[in-house]
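These notes concern the structure reproduced below.
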Amino acid sequence: MPIHTILALTDFSNQAERALDRAALLAAAHQARLRIVYASDTPPLQLADPYARLEQRARQLARRHSVQVTAVSGSGQRMADAMAEADRADLLVVHHHMHRGPFWCRSTLSRLLQRSPCPVLVVRQPAQAAYAQVLVAVDFSATSRPQVRYASSFAPGAALDVFHAIDTGTEAWMRRVQADA
């Protein structure tokens, strides 16, 4: 599956900036369009107009990485906005701190991973260069082959490692039917 459109979510935190930079590097590598959306669990304290800041950040990324970047204004419902945009994207890029949230509700990241119609890249490290290695976890399901194909084209020139991962229920069933290793 080629990557034509990348969606990145930001709350303007340092971690989100890492995700935006990684998304821009990937957009440049794939000659893809980058769309950025403001998504935050809490209202911005210092920002009078988050969308103006988003547009400014889009212009900076476009200049720095020579890619087409669009700031997307949302309805203010972050999950609905993110999912609506993810429907039109080939890759969703988020920062790893999106997993934090109040203990009584599921995190934004877990909801995105569960509902996203496209692959999700969770960024932890600053983007300094293209990925040198890609790891893809597979099982015996029908989705494994397309996942490996997608991963192999995700970062051109990167080493591809395939990790065989099955849950214990599947493993027990396979042992019971004496499936070949």
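Just remember, in the structure tokens the first chain shown is A, the second B, etc., residues are 1-based per chain, and ligands are 1-based in the order shown.
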
- prompt: Which residues in stretch 11-158 of chain A does DSSP call helix (DSSP H, G or I)? List them as an NGL selection string.
  reply: :A and (14-30 or 50-65 or 78-86 or 96-99 or 108-115 or 144-154)

task: Find the residue from A:Leu9, A:Leu135, A:Val162, A:Cys118 that sits nearest to A:Ser73; use only C-alpha atoms when measuring.
output: A:Leu9

message: I'd like the interatomic distance between atom CA of A:Val136 and atom CA of A:Ala84, to a tenth of an Å.
response: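 Computing the Euclidean distance for atom CA of A:Val136 and atom CA of A:Ala84 yields 26.1 Å.
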
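Atom CA of A:Leu112 sits 7.7 Å away from atom CA of A:Met83.
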
message: I'd like the neighbourhood of stretch 1-5 of chain A as JSON, numbers by chain, where a residue qualifies if any of its atoms comes within 10 Å (using only C-alpha atoms), though same-chain residues fewer than 5 positions away should be ignored.
response: {"A": [26, 27, 29, 30, 31, 32, 33, 34, 35, 68, 69, 86, 88, 89, 90, 91, 92, 146, 147, 149, 150, 151, 153, 154]}

- prompt: What does the distance from atom CA of A:Met79 to atom CA of A:Ala19 come to in Å, to one decimal?
  reply: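 Taking atom CA of A:Met79 as the start and atom CA of A:Ala19 as the end point, the length is 17.6 Å.
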
message: Here is a test: counting only C-alpha atoms, which residue of A:Ser40, A:Val93, A:Ala24, A:Arg53 is nearest to A:Ser66?
response: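 Of A:Ser40, A:Val93, A:Ala24, A:Arg53, the one nearest A:Ser66, counting only C-alpha atoms, is A:Ala24.
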
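The closest residue to A:Asn14, picked from A:Leu113, A:Val123, A:Ala142, A:Ala62 and counting only C-alpha atoms, is A:Val123.
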
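Backbone DSSP over stretch 9-153 of chain A gives strand (DSSP E or B) for Leu9, Thr10, Arg33, Leu34, Arg35, Ile36, Val37, Tyr38, Val69, Thr70, Ala71, Val72, Leu91, Leu92, Val93, Val94, His95, Val120, Leu121, Val122, Val123, Gln133, Val134, Leu135, Val136, Ala137 and Val138 of chain A.
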
Write a file of the just-selected residues containing C-alpha atoms, as a short mmCIF file (atom, residue, chain, number, x, y, z; two decimals), in the first residue's frame.
data_model
loop_
_atom_site.label_atom_id
_atom_site.label_comp_id
_atom_site.auth_asym_id
_atom_site.auth_seq_id
_atom_site.Cartn_x
_atom_site.Cartn_y
_atom_site.Cartn_z
CA LEU A 9 -1.72 14.89 15.43
CA THR A 10 -0.19 17.55 17.63
CA ARG A 33 1.03 15.07 1.46
CA LEU A 34 1.12 15.83 5.17
CA ARG A 35 -1.99 16.94 7.02
CA ILE A 36 -1.69 18.12 10.62
CA VAL A 37 -4.49 18.37 13.16
CA TYR A 38 -4.52 19.96 16.59
CA VAL A 69 1.61 20.42 4.48
CA THR A 70 -1.98 21.34 5.27
CA ALA A 71 -3.26 22.51 8.64
CA VAL A 72 -6.69 20.99 9.19
CA LEU A 91 -0.68 6.65 7.83
CA LEU A 92 -1.48 8.26 11.17
CA VAL A 93 1.49 9.62 13.16
CA VAL A 94 1.13 10.38 16.88
CA HIS A 95 3.46 10.90 19.81
CA VAL A 120 -0.57 4.16 13.22
CA LEU A 121 3.06 5.14 13.87
CA VAL A 122 3.78 6.02 17.50
CA VAL A 123 6.88 8.25 17.73
CA GLN A 133 15.28 -0.72 10.80
CA VAL A 134 11.59 -1.66 10.68
CA LEU A 135 10.06 -4.32 12.91
CA VAL A 136 6.72 -5.88 12.04
CA ALA A 137 4.89 -8.35 14.28
CA VAL A 138 2.92 -11.03 12.47
#
